[in-house]
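Peer 1: Got a file for you: data.txt, compact mmCIF, C-alpha atoms and all ligand atoms.
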```txt
# COMPACT_ATOMS: atom_id res chain seq x y z
CA MET A 2 24.44 -4.85 -3.83
CA PHE A 3 24.94 -1.28 -2.55
CA ASN A 4 22.17 -0.32 -0.15
CA MET A 5 20.80 3.01 -1.41
CA LEU A 6 19.11 3.61 1.94
CA THR A 7 22.29 3.40 4.05
CA ASN A 8 22.55 6.34 6.46
CA LYS A 9 19.29 7.81 5.12
CA LYS A 10 16.90 9.24 7.72
CA ILE A 11 13.33 8.26 6.84
CA SER A 12 10.48 10.21 8.45
CA PHE A 13 6.90 8.91 8.41
CA ILE A 14 3.94 11.25 8.61
CA GLY A 15 1.33 8.77 9.81
CA ALA A 16 1.73 5.61 11.86
CA GLY A 17 -1.21 3.52 10.69
CA THR A 18 -1.70 0.34 8.72
CA ILE A 19 0.39 1.05 5.66
CA ALA A 20 3.14 2.94 7.52
CA GLU A 21 3.59 -0.03 9.86
CA SER A 22 3.61 -2.43 6.89
CA LEU A 23 6.46 -0.48 5.33
CA ILE A 24 8.43 -0.16 8.56
CA SER A 25 8.01 -3.88 9.24
CA GLY A 26 9.15 -4.79 5.72
CA LEU A 27 12.14 -2.41 5.73
CA LEU A 28 13.36 -3.63 9.12
CA LYS A 29 12.77 -7.32 8.31
CA GLY A 30 14.80 -6.78 5.14
CA LYS A 31 17.53 -5.09 7.26
CA LEU A 32 17.50 -2.18 4.80
CA VAL A 33 17.40 0.60 7.29
CA ASP A 34 18.65 1.14 10.82
CA PRO A 35 15.68 1.64 13.20
CA GLU A 36 17.73 4.51 14.64
CA LEU A 37 17.14 6.36 11.34
CA ILE A 38 13.38 5.81 11.24
CA TRP A 39 11.26 8.57 12.74
CA ILE A 40 7.48 8.51 12.89
CA THR A 41 4.60 10.66 14.05
CA ASN A 42 0.81 10.56 13.95
CA ASN A 43 -1.99 12.95 14.81
CA ARG A 44 -2.65 12.32 18.48
CA ASN A 45 -2.81 8.57 19.18
CA ALA A 46 0.15 8.54 21.58
CA GLU A 47 -0.59 4.97 22.65
CA ARG A 48 -0.23 3.84 19.03
CA LEU A 49 3.11 5.66 18.70
CA GLN A 50 4.41 4.04 21.89
CA LYS A 51 3.33 0.63 20.57
CA ILE A 52 5.21 1.21 17.29
CA GLN A 53 8.31 2.44 19.16
CA LYS A 54 8.28 -0.60 21.46
CA LYS A 55 7.66 -3.10 18.65
CA TYR A 56 10.21 -1.75 16.13
CA ASP A 57 12.64 0.26 18.30
CA VAL A 58 12.18 3.32 16.03
CA ASN A 59 12.00 7.00 17.03
CA VAL A 60 8.65 8.63 17.69
CA THR A 61 7.94 12.33 18.23
CA TYR A 62 5.25 14.99 17.92
CA ASP A 63 7.94 17.63 17.37
CA ARG A 64 7.83 18.14 13.59
CA LYS A 65 11.16 20.00 13.65
CA VAL A 66 12.93 17.05 15.27
CA LEU A 67 11.00 14.62 13.06
CA LEU A 68 12.10 16.27 9.84
CA SER A 69 15.53 17.74 10.60
CA ASN A 70 18.10 16.08 8.29
CA ALA A 71 15.43 13.72 6.93
CA ASN A 72 16.39 12.43 3.48
CA ILE A 73 13.07 10.71 2.71
CA VAL A 74 9.65 11.82 3.96
CA ILE A 75 6.87 9.24 3.66
CA LEU A 76 3.35 10.68 3.67
CA ALA A 77 1.09 7.98 5.15
CA MET A 78 -1.99 9.75 6.44
CA LYS A 79 -5.55 9.36 5.17
CA PRO A 80 -6.65 11.77 2.43
CA LYS A 81 -9.06 13.56 4.76
CA ASN A 82 -6.18 14.47 7.09
CA PHE A 83 -3.75 15.39 4.33
CA THR A 84 -4.00 19.18 4.21
CA LYS A 85 -3.73 19.67 7.99
CA ALA A 86 -0.82 17.22 8.20
CA MET A 87 1.01 19.05 5.42
CA GLU A 88 0.45 22.45 7.06
CA GLU A 89 2.04 21.08 10.25
CA ILE A 90 5.19 19.81 8.51
CA LYS A 91 5.65 22.50 5.84
CA PRO A 92 7.95 24.81 7.87
CA TYR A 93 10.39 21.94 8.47
CA THR A 94 10.58 20.56 4.92
CA TYR A 95 13.27 21.25 2.34
CA GLU A 96 13.78 20.94 -1.42
CA ASN A 97 16.53 18.34 -0.93
CA GLN A 98 14.12 15.89 0.73
CA LEU A 99 12.43 13.14 -1.35
CA PHE A 100 8.68 12.91 -0.66
CA LEU A 101 7.05 9.49 -1.14
CA SER A 102 3.31 10.04 -0.93
CA LEU A 103 1.31 6.93 -0.06
CA VAL A 104 -1.75 9.15 -0.16
CA SER A 105 -1.89 7.92 -3.70
CA VAL A 106 -5.21 9.62 -4.48
CA ILE A 107 -3.67 13.10 -4.22
CA SER A 108 -1.77 14.63 -7.16
CA SER A 109 1.89 15.60 -6.89
CA VAL A 110 0.91 19.10 -8.06
CA PHE A 111 -1.22 19.50 -4.94
CA VAL A 112 1.52 18.09 -2.70
CA SER A 113 4.00 20.63 -4.15
CA LYS A 114 1.43 23.42 -3.69
CA LEU A 115 1.06 22.60 0.01
CA LEU A 116 4.83 22.28 0.47
CA GLY A 117 5.46 25.59 -1.28
CA HIS A 118 8.75 24.45 -2.80
CA LYS A 119 10.26 22.14 -5.43
CA ALA A 120 11.02 18.99 -3.44
CA PRO A 121 10.66 15.84 -5.60
CA ILE A 122 7.36 14.02 -5.14
CA ILE A 123 6.78 10.37 -6.02
CA ARG A 124 3.29 8.90 -5.55
CA ALA A 125 3.48 5.32 -4.31
CA CYS A 126 0.75 2.77 -3.82
CA PRO A 127 2.01 -0.26 -1.90
CA ASN A 128 -0.26 -2.80 -0.22
CA THR A 129 -0.35 -4.47 3.19
CA PRO A 130 1.76 -7.57 2.29
CA ALA A 131 4.61 -5.04 2.42
CA ALA A 132 4.73 -6.07 6.08
CA ILE A 133 6.21 -9.42 5.01
CA GLY A 134 8.17 -8.10 2.05
CA GLU A 135 5.51 -9.06 -0.50
CA SER A 136 4.01 -5.72 -1.54
CA ALA A 137 2.79 -5.01 -5.08
CA THR A 138 3.71 -1.34 -5.40
CA GLY A 139 2.88 1.12 -8.15
CA LEU A 140 5.17 4.17 -8.35
CA ALA A 141 4.26 7.34 -10.23
CA PRO A 142 7.01 10.00 -10.49
CA GLY A 143 5.46 13.43 -9.95
CA ASN A 144 6.97 16.91 -9.81
CA TYR A 145 10.66 17.80 -9.72
CA VAL A 146 11.75 14.16 -9.76
CA LYS A 147 15.29 13.26 -10.88
CA ASN A 148 16.45 9.82 -11.96
CA ARG A 149 18.22 9.31 -8.62
CA ASP A 150 14.93 9.87 -6.78
CA ILE A 151 13.27 7.15 -8.87
CA LEU A 152 16.20 4.81 -8.21
CA ILE A 153 15.92 5.31 -4.44
CA ALA A 154 12.11 4.91 -4.42
CA THR A 155 12.34 1.82 -6.63
CA TYR A 156 15.06 0.36 -4.39
CA LEU A 157 12.96 0.97 -1.25
CA PHE A 158 9.77 -0.63 -2.56
CA ASP A 159 11.59 -3.35 -4.50
CA ALA A 160 13.08 -4.46 -1.21
CA ILE A 161 9.61 -5.10 0.22
CA GLY A 162 7.99 -6.72 -2.79
CA SER A 163 7.65 -5.86 -6.50
CA VAL A 164 7.54 -2.40 -8.05
CA THR A 165 5.88 -1.17 -11.23
CA THR A 166 6.42 2.38 -12.46
CA VAL A 167 3.31 3.97 -13.93
CA THR A 168 2.22 7.47 -14.91
CA GLU A 169 0.31 9.76 -12.55
CA LYS A 170 -2.75 9.20 -14.77
CA GLU A 171 -2.53 5.46 -14.12
CA ILE A 172 -1.98 5.57 -10.33
CA ASP A 173 -5.73 5.74 -9.53
CA ALA A 174 -6.28 2.43 -11.34
CA VAL A 175 -3.19 0.96 -9.62
CA THR A 176 -4.56 2.09 -6.24
CA ALA A 177 -7.94 0.46 -6.91
CA LEU A 178 -6.40 -2.68 -8.41
CA ALA A 179 -3.30 -3.34 -6.29
CA GLY A 180 -3.76 -1.13 -3.24
CA SER A 181 -7.18 -2.64 -2.61
CA ALA A 182 -6.33 -6.13 -3.91
CA PRO A 183 -5.56 -7.71 -0.51
CA ALA A 184 -9.08 -6.75 0.65
CA TYR A 185 -10.68 -8.39 -2.41
CA ILE A 186 -8.61 -11.53 -1.88
CA PHE A 187 -9.37 -11.74 1.86
CA TYR A 188 -13.06 -11.23 1.03
CA LEU A 189 -12.89 -14.21 -1.41
CA ILE A 190 -11.10 -16.31 1.21
CA GLU A 191 -13.82 -15.47 3.74
CA ALA A 192 -16.53 -16.58 1.27
CA MET A 193 -14.77 -19.89 0.62
CA GLU A 194 -14.27 -20.44 4.38
CA LYS A 195 -17.99 -19.83 4.90
CA ALA A 196 -18.80 -22.33 2.12
CA GLY A 197 -16.64 -24.95 3.82
CA GLU A 198 -18.34 -24.37 7.15
CA ALA A 199 -21.80 -24.46 5.54
CA LEU A 200 -20.85 -27.89 4.19
CA GLY A 201 -19.92 -29.13 7.65
CA LEU A 202 -16.12 -28.63 7.57
CA GLU A 203 -14.36 -27.26 10.65
CA LYS A 204 -13.55 -23.51 10.33
CA GLU A 205 -9.79 -24.14 10.67
CA VAL A 206 -9.90 -26.99 8.12
CA SER A 207 -11.71 -24.73 5.62
CA LYS A 208 -9.22 -21.91 6.21
CA GLN A 209 -6.18 -24.18 5.84
CA LEU A 210 -7.50 -25.71 2.60
CA VAL A 211 -8.47 -22.36 1.07
CA VAL A 212 -5.29 -20.49 2.06
CA GLN A 213 -2.98 -23.27 0.82
CA SER A 214 -4.97 -23.47 -2.44
CA LEU A 215 -4.42 -19.74 -2.90
CA ILE A 216 -0.70 -20.01 -2.12
CA GLY A 217 -0.36 -22.93 -4.54
CA SER A 218 -2.38 -21.21 -7.27
CA THR A 219 -0.39 -17.96 -7.03
CA HIS A 220 2.91 -19.84 -7.16
CA LEU A 221 1.58 -21.86 -10.12
CA ILE A 222 0.46 -18.78 -12.08
CA LYS A 223 3.75 -17.02 -11.31
CA SER A 224 5.74 -19.97 -12.73
CA SER A 225 3.43 -20.64 -15.70
CA SER A 226 3.38 -19.03 -19.13
CA GLU A 227 -0.20 -20.24 -19.71
CA GLU A 228 -3.12 -17.82 -20.03
CA THR A 229 -5.04 -17.41 -16.75
CA SER A 230 -8.18 -18.85 -18.41
CA THR A 231 -6.19 -21.96 -19.42
CA LEU A 232 -5.17 -22.49 -15.80
CA TYR A 233 -8.74 -22.50 -14.53
CA LYS A 234 -10.03 -24.57 -17.49
CA GLN A 235 -7.38 -27.21 -16.66
CA VAL A 236 -9.22 -27.75 -13.35
CA MET A 237 -12.62 -28.25 -14.99
CA SER A 238 -13.65 -31.77 -15.97
CA PRO A 239 -16.53 -31.61 -18.49
CA GLN A 240 -19.87 -31.69 -16.62
CA GLY A 241 -17.78 -32.04 -13.45
CA VAL A 242 -17.65 -30.47 -10.02
CA THR A 243 -15.90 -27.23 -10.96
CA GLU A 244 -18.01 -26.63 -14.07
CA ALA A 245 -21.17 -26.97 -11.98
CA GLY A 246 -19.79 -24.38 -9.55
CA PHE A 247 -18.82 -22.03 -12.37
CA GLU A 248 -22.40 -22.07 -13.67
CA ILE A 249 -23.44 -20.44 -10.37
CA LEU A 250 -20.52 -17.96 -10.44
CA LYS A 251 -21.59 -16.90 -13.95
CA GLN A 252 -25.25 -16.72 -12.91
CA TYR A 253 -24.23 -14.30 -10.09
CA LYS A 254 -21.93 -12.36 -12.47
CA PHE A 255 -18.86 -13.04 -10.32
CA GLN A 256 -16.29 -11.61 -12.77
CA GLU A 257 -18.48 -8.65 -13.71
CA SER A 258 -18.83 -7.69 -10.05
CA ILE A 259 -15.05 -7.73 -9.51
CA ILE A 260 -14.47 -5.64 -12.66
CA GLU A 261 -17.15 -3.12 -11.68
CA GLY A 262 -15.78 -2.93 -8.13
CA ILE A 263 -12.27 -2.08 -9.29
CA LYS A 264 -13.63 0.44 -11.79
CA ARG A 265 -15.63 2.11 -9.01
CA GLY A 266 -12.55 2.17 -6.78
CA THR A 267 -10.59 3.91 -9.54
CA GLU A 268 -13.40 6.44 -9.92
CA ARG A 269 -13.44 7.02 -6.14
CA SER A 270 -9.68 7.56 -6.12
CA ARG A 271 -10.06 10.28 -8.78
CA GLU A 272 -13.05 11.81 -6.92
CA ILE A 273 -11.11 12.08 -3.64
CA GLY A 274 -8.12 13.58 -5.45
CA GLU A 275 -10.30 16.20 -7.13
CA ILE A 276 -12.24 17.09 -3.96
CA LEU A 277 -9.11 17.45 -1.81
CA SER A 278 -7.01 19.22 -4.41
CA LYS A 279 -9.38 22.17 -4.65
N1 LIG B 301 -4.11 0.55 4.11
C1 LIG B 301 -3.69 0.17 2.90
O1 LIG B 301 -3.67 -1.02 2.54
C2 LIG B 301 -3.24 1.22 1.94
C3 LIG B 301 -3.33 2.57 2.26
N2 LIG B 301 -2.90 3.49 1.36
C4 LIG B 301 -3.01 4.91 1.67
O2 LIG B 301 -2.15 5.17 2.79
C5 LIG B 301 -2.72 6.22 3.57
C6 LIG B 301 -2.83 5.75 5.01
O3 LIG B 301 -3.70 4.65 5.01
P1 LIG B 301 -3.80 3.72 6.31
O4 LIG B 301 -2.45 3.45 6.83
O5 LIG B 301 -4.69 2.58 5.97
O6 LIG B 301 -4.58 4.71 7.32
P2 LIG B 301 -4.62 4.67 8.92
O7 LIG B 301 -5.90 5.36 9.32
O8 LIG B 301 -4.33 3.30 9.40
O9 LIG B 301 -3.38 5.61 9.34
C7 LIG B 301 -3.42 6.98 9.11
C8 LIG B 301 -2.37 7.62 10.00
O10 LIG B 301 -2.30 9.01 9.71
C9 LIG B 301 -2.20 9.69 10.95
N3 LIG B 301 -2.57 11.10 10.87
C10 LIG B 301 -3.79 11.66 10.75
N4 LIG B 301 -3.68 13.01 10.77
C11 LIG B 301 -2.34 13.29 10.90
C12 LIG B 301 -1.57 14.50 11.01
N5 LIG B 301 -2.15 15.68 10.98
N6 LIG B 301 -0.22 14.39 11.14
C13 LIG B 301 0.38 13.18 11.17
N7 LIG B 301 -0.28 11.99 11.07
C14 LIG B 301 -1.63 12.07 10.95
C15 LIG B 301 -3.11 8.91 11.87
O11 LIG B 301 -2.82 9.31 13.21
P3 LIG B 301 -3.88 9.07 14.41
O12 LIG B 301 -3.94 7.59 14.61
O13 LIG B 301 -3.27 9.80 15.58
O14 LIG B 301 -5.18 9.67 13.95
C16 LIG B 301 -2.67 7.50 11.50
O15 LIG B 301 -1.50 7.16 12.17
C17 LIG B 301 -4.08 6.55 2.97
O16 LIG B 301 -3.97 7.70 2.16
C18 LIG B 301 -4.39 5.33 2.09
O17 LIG B 301 -5.17 5.70 0.96
C19 LIG B 301 -2.35 3.15 0.14
C20 LIG B 301 -2.23 1.84 -0.19
C21 LIG B 301 -2.67 0.80 0.66
O1 LIG B 302 -9.06 1.98 0.62
C1 LIG B 302 -8.33 2.97 0.46
O2 LIG B 302 -8.73 4.11 0.21
C2 LIG B 302 -6.83 2.77 0.54
C3 LIG B 302 -6.17 2.96 -0.85
C4 LIG B 302 -5.93 1.53 -1.35
C5 LIG B 302 -6.07 0.69 -0.12
N1 LIG B 302 -6.52 1.41 0.88
```
Would it be possible to restate this file's structure as structure tokens?
Ligand SMILES: NC(=O)C1=CN([C@@H]2O[C@H](COP(=O)(O)OP(=O)(O)OC[C@H]3O[C@@H](n4cnc5c(N)ncnc54)[C@H](OP(=O)(O)O)[C@@H]3O)[C@@H](O)[C@H]2O)C=CC1
Ligand SMILES: O=C(O)[C@@H]1CCC=N1
Peer 2:
Amino acid sequence: MFNMLTNKKISFIGAGTIAESLISGLLKGKLVDPELIWITNNRNAERLQKIQKKYDVNVTYDRKVLLSNANIVILAMKPKNFTKAMEEIKPYTYENQLFLSLVSVISSVFVSKLLGHKAPIIRACPNTPAAIGESATGLAPGNYVKNRDILIATYLFDAIGSVTTVTEKEIDAVTALAGSAPAYIFYLIEAMEKAGEALGLEKEVSKQLVVQSLIGSTHLIKSSSEETSTLYKQVMSPQGVTEAGFEILKQYKFQESIIEGIKRGTERSREIGEILSK
């Protein structure tokens, strides 16, 4: 299949967790030439050197060099650093560049306002499994986006996992659900590891059992047409081991806490967007 990223210069504003996940996934998938990846950060020169050494990409603090002839600009800084970072790049940005904003809490209207021109903006919320080509990404086309821009963005994120296109109104929920999901899952794994250890199992034995159970369960749910509730009820023998455990989960409102957590995350995403877009 034709590689839509061939010969495209991709410039990253931000060299942190999610930027590295994307770079790792793109290079592992041989989608882009490291020669055409450029990256900067705020001031952590040691971090930039580490990224350059590990991935053989280009690093610079010269925004003009970073952005000259860039086809795709990936905004990967934290919301609190967004405005300053945009002020620094604005003079070197052009309307024919596609902006993929991973700062998914900030509206495309605000991004366009800071750019001061009509470059296409697509809000994207990947997650850290992008590093191994397993991201769950939500894409929300923003301002001045043409079909070709969506095709390129979809191609890029599809190559490092799965992509779902949503509206800008939905991206806050996607950020809280999918962007944060790896943290929720690792938190669950940690709890199950601790349970194993509390019951006298070796830490590594607990981890191996829990992680493989998660891998198996995700593969099973992906290949099954059954309802999720059916899949967990199939495990439960009446008055058995699992049912006894579920009584405690229900007593501690396990599902309610997850639902409320993701709702709060969605709220927080909207709050940050509103605060920063003033
Ligand atoms: N982490 C995740 O799983 C996900 C994160 N996101 C979003 O991605 C964005 C980045 O998150 P994450 O990677 O975790 O954050 P990190 O803190 O790991 O990385 C942020 C990066 O932005 C850089 N930066 C700060 N100010 C500037 C500036 N003025 N110019 C250029 N670069 C700058 C930092 O540089 P320095 O180190 O020098 O300060 C750092 O490299 C956030 O908006 C987050 O909401 C979205 C989905 C998932
Ligand atoms: O926690 C955060 O704000 C970012 C967005 C989703 C994952 N990390």
Peer 1: Quick one: residues within 6 Å of ligand LIG 301 (chain B), with all atoms listed in the file, as a list in words?
Peer 2: Ile14, Gly15, Ala16, Gly17, Thr18, Ile19, Ala20, Thr41, Asn42, Asn43, Arg44, Asn45, Ala77, Met78, Lys79, Pro80, Asn82, Lys85, Ala86, Leu103, Val104, Cys126, Pro127, Asn128, Thr129 and Gly180 of chain A
Peer 1: Between A:Ser230, A:Ser207, A:Gln53, A:Ser102, which is the closest to ligand LIG 302 (chain B) once you count all atoms listed in the file?
Peer 2: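 Among the listed residues, the smallest separation from ligand LIG 302 (chain B) belongs to A:Ser102.
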Peer 1: Show which residues sit within 8 Å of A:Lys29, as a count of residues only. Count only C-alpha atoms, and ignore same-chain residues fewer than 3 positions away.
Peer 2: 5
Peer 1: Between A:Glu198, A:Glu135, A:Asp173, A:Glu257, which is the closest to ligand LIG 302 (chain B) once you count all atoms listed in the file?
Peer 2: A:Asp173
Peer 1: Nearest residue to ligand LIG 302 (chain B) out of A:Lys279, A:Lys54, A:Lys251, A:Lys81, using all atoms listed in the file?
Peer 2: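 Nearest candidate to ligand LIG 302 (chain B) out of A:Lys279, A:Lys54, A:Lys251, A:Lys81: A:Lys81.
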Peer 1: Provide the atom CA of A:Ala177 to atom CA of A:Glu275 distance in Å, to one decimal place.
Peer 2: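 Taking atom CA of A:Ala177 and atom CA of A:Glu275, their separation equals 15.9 Å.
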Peer 1: Which one of A:Ala141, A:Ile107, A:Glu244, A:Ser214 sits closest to ligand LIG 302 (chain B) if you count all atoms listed in the file?
Peer 2: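 The answer is A:Ile107, which sits nearest to ligand LIG 302 (chain B).
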Peer 1: Need to verify the contact set: A:Ile40, 12 Å, all atoms listed in the file, exclusion of same-chain residues closer than 4 positions in sequence. Can you return it as an mmCIF file with C-alpha atoms, in the coordinates of the input?
Peer 2:
```cif
data_model
loop_
_atom_site.group_PDB
_atom_site.id
_atom_site.type_symbol
_atom_site.label_atom_id
_atom_site.label_comp_id
_atom_site.auth_asym_id
_atom_site.auth_seq_id
_atom_site.Cartn_x
_atom_site.Cartn_y
_atom_site.Cartn_z
ATOM 1 C CA LYS A 10 16.900 9.240 7.720
ATOM 2 C CA ILE A 11 13.330 8.260 6.840
ATOM 3 C CA SER A 12 10.480 10.210 8.450
ATOM 4 C CA PHE A 13 6.900 8.910 8.410
ATOM 5 C CA ILE A 14 3.940 11.250 8.610
ATOM 6 C CA GLY A 15 1.330 8.770 9.810
ATOM 7 C CA ALA A 16 1.730 5.610 11.860
ATOM 8 C CA GLY A 17 -1.210 3.520 10.690
ATOM 9 C CA ALA A 20 3.140 2.940 7.520
ATOM 10 C CA GLU A 21 3.590 -0.030 9.860
ATOM 11 C CA LEU A 23 6.460 -0.480 5.330
ATOM 12 C CA ILE A 24 8.430 -0.160 8.560
ATOM 13 C CA PRO A 35 15.680 1.640 13.200
ATOM 14 C CA GLU A 36 17.730 4.510 14.640
ATOM 15 C CA ALA A 46 0.150 8.540 21.580
ATOM 16 C CA ARG A 48 -0.230 3.840 19.030
ATOM 17 C CA LEU A 49 3.110 5.660 18.700
ATOM 18 C CA GLN A 50 4.410 4.040 21.890
ATOM 19 C CA LYS A 51 3.330 0.630 20.570
ATOM 20 C CA ILE A 52 5.210 1.210 17.290
ATOM 21 C CA GLN A 53 8.310 2.440 19.160
ATOM 22 C CA TYR A 56 10.210 -1.750 16.130
ATOM 23 C CA ASP A 57 12.640 0.260 18.300
ATOM 24 C CA VAL A 58 12.180 3.320 16.030
ATOM 25 C CA ASN A 59 12.000 7.000 17.030
ATOM 26 C CA VAL A 60 8.650 8.630 17.690
ATOM 27 C CA THR A 61 7.940 12.330 18.230
ATOM 28 C CA TYR A 62 5.250 14.990 17.920
ATOM 29 C CA ASP A 63 7.940 17.630 17.370
ATOM 30 C CA ARG A 64 7.830 18.140 13.590
ATOM 31 C CA VAL A 66 12.930 17.050 15.270
ATOM 32 C CA LEU A 67 11.000 14.620 13.060
ATOM 33 C CA LEU A 68 12.100 16.270 9.840
ATOM 34 C CA ALA A 71 15.430 13.720 6.930
ATOM 35 C CA ILE A 73 13.070 10.710 2.710
ATOM 36 C CA VAL A 74 9.650 11.820 3.960
ATOM 37 C CA ILE A 75 6.870 9.240 3.660
ATOM 38 C CA LEU A 76 3.350 10.680 3.670
ATOM 39 C CA ALA A 77 1.090 7.980 5.150
ATOM 40 C CA MET A 78 -1.990 9.750 6.440
#
```
Peer 1: Tell me which of A:Thr7, A:Met237, A:Leu27, A:Thr231 sits closest to A:Gly162, counting all atoms listed in the file.
Peer 2: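 The answer is A:Leu27, which sits nearest to A:Gly162.
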Peer 1: Between atom CA of A:Val164 and atom CA of A:Ser270, what is the spacing in Å?
Peer 2: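 We find that atom CA of A:Ser270 and atom CA of A:Val164 lie 20.0 Å from each other.
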Peer 1: Nearest to A:Ile161 among A:Ile122, A:Leu101, A:Lys234, A:Ser136, with distances taken over all atoms listed in the file: which residue is it?
Peer 2: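 Comparing A:Ile122, A:Leu101, A:Lys234, A:Ser136 against A:Ile161, the winner is A:Ser136.
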Peer 1: Need the shell around A:Glu268: protein/DNA/RNA residues with any atom at most 12 Å away, counting all atoms listed in the file. Skip same-chain ones fewer than 2 positions apart. Format as an MDAnalysis selection string?
Peer 2: chainID A and resid 106 171:178 261:266 270:275
Peer 1: Store the residues picked out above in a file with C-alpha atoms, as a tab-separated table (two decimals), in the frame of the given file.
Peer 2:
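Wrote part07.tsv, looks like this:
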```
chain	number	residue	atom	x	y	z
A	106	VAL	CA	-5.21	9.62	-4.48
A	171	GLU	CA	-2.53	5.46	-14.12
A	172	ILE	CA	-1.98	5.57	-10.33
A	173	ASP	CA	-5.73	5.74	-9.53
A	174	ALA	CA	-6.28	2.43	-11.34
A	175	VAL	CA	-3.19	0.96	-9.62
A	176	THR	CA	-4.56	2.09	-6.24
A	177	ALA	CA	-7.94	0.46	-6.91
A	178	LEU	CA	-6.40	-2.68	-8.41
A	261	GLU	CA	-17.15	-3.12	-11.68
A	262	GLY	CA	-15.78	-2.93	-8.13
A	263	ILE	CA	-12.27	-2.08	-9.29
A	264	LYS	CA	-13.63	0.44	-11.79
A	265	ARG	CA	-15.63	2.11	-9.01
A	266	GLY	CA	-12.55	2.17	-6.78
A	270	SER	CA	-9.68	7.56	-6.12
A	271	ARG	CA	-10.06	10.28	-8.78
A	272	GLU	CA	-13.05	11.81	-6.92
A	273	ILE	CA	-11.11	12.08	-3.64
A	274	GLY	CA	-8.12	13.58	-5.45
A	275	GLU	CA	-10.30	16.20	-7.13
```
Peer 1: Between atom N1 of ligand LIG 302 (chain B) and atom CA of A:Gln256, what distance in Å does the model show, to one decimal?
Peer 2: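 Atom CA of A:Gln256 lies 21.2 Å from atom N1 of ligand LIG 302 (chain B).
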Peer 1: If we count all atoms listed in the file and set the cut-off at 9 Å, which residues sit around A:Leu157, ignoring sequence neighbours fewer than 2 positions away in its own chain? Please answer as a PyMOL selection string.
Peer 2: chain A and resi 5-6+27+32+152-155+159-161
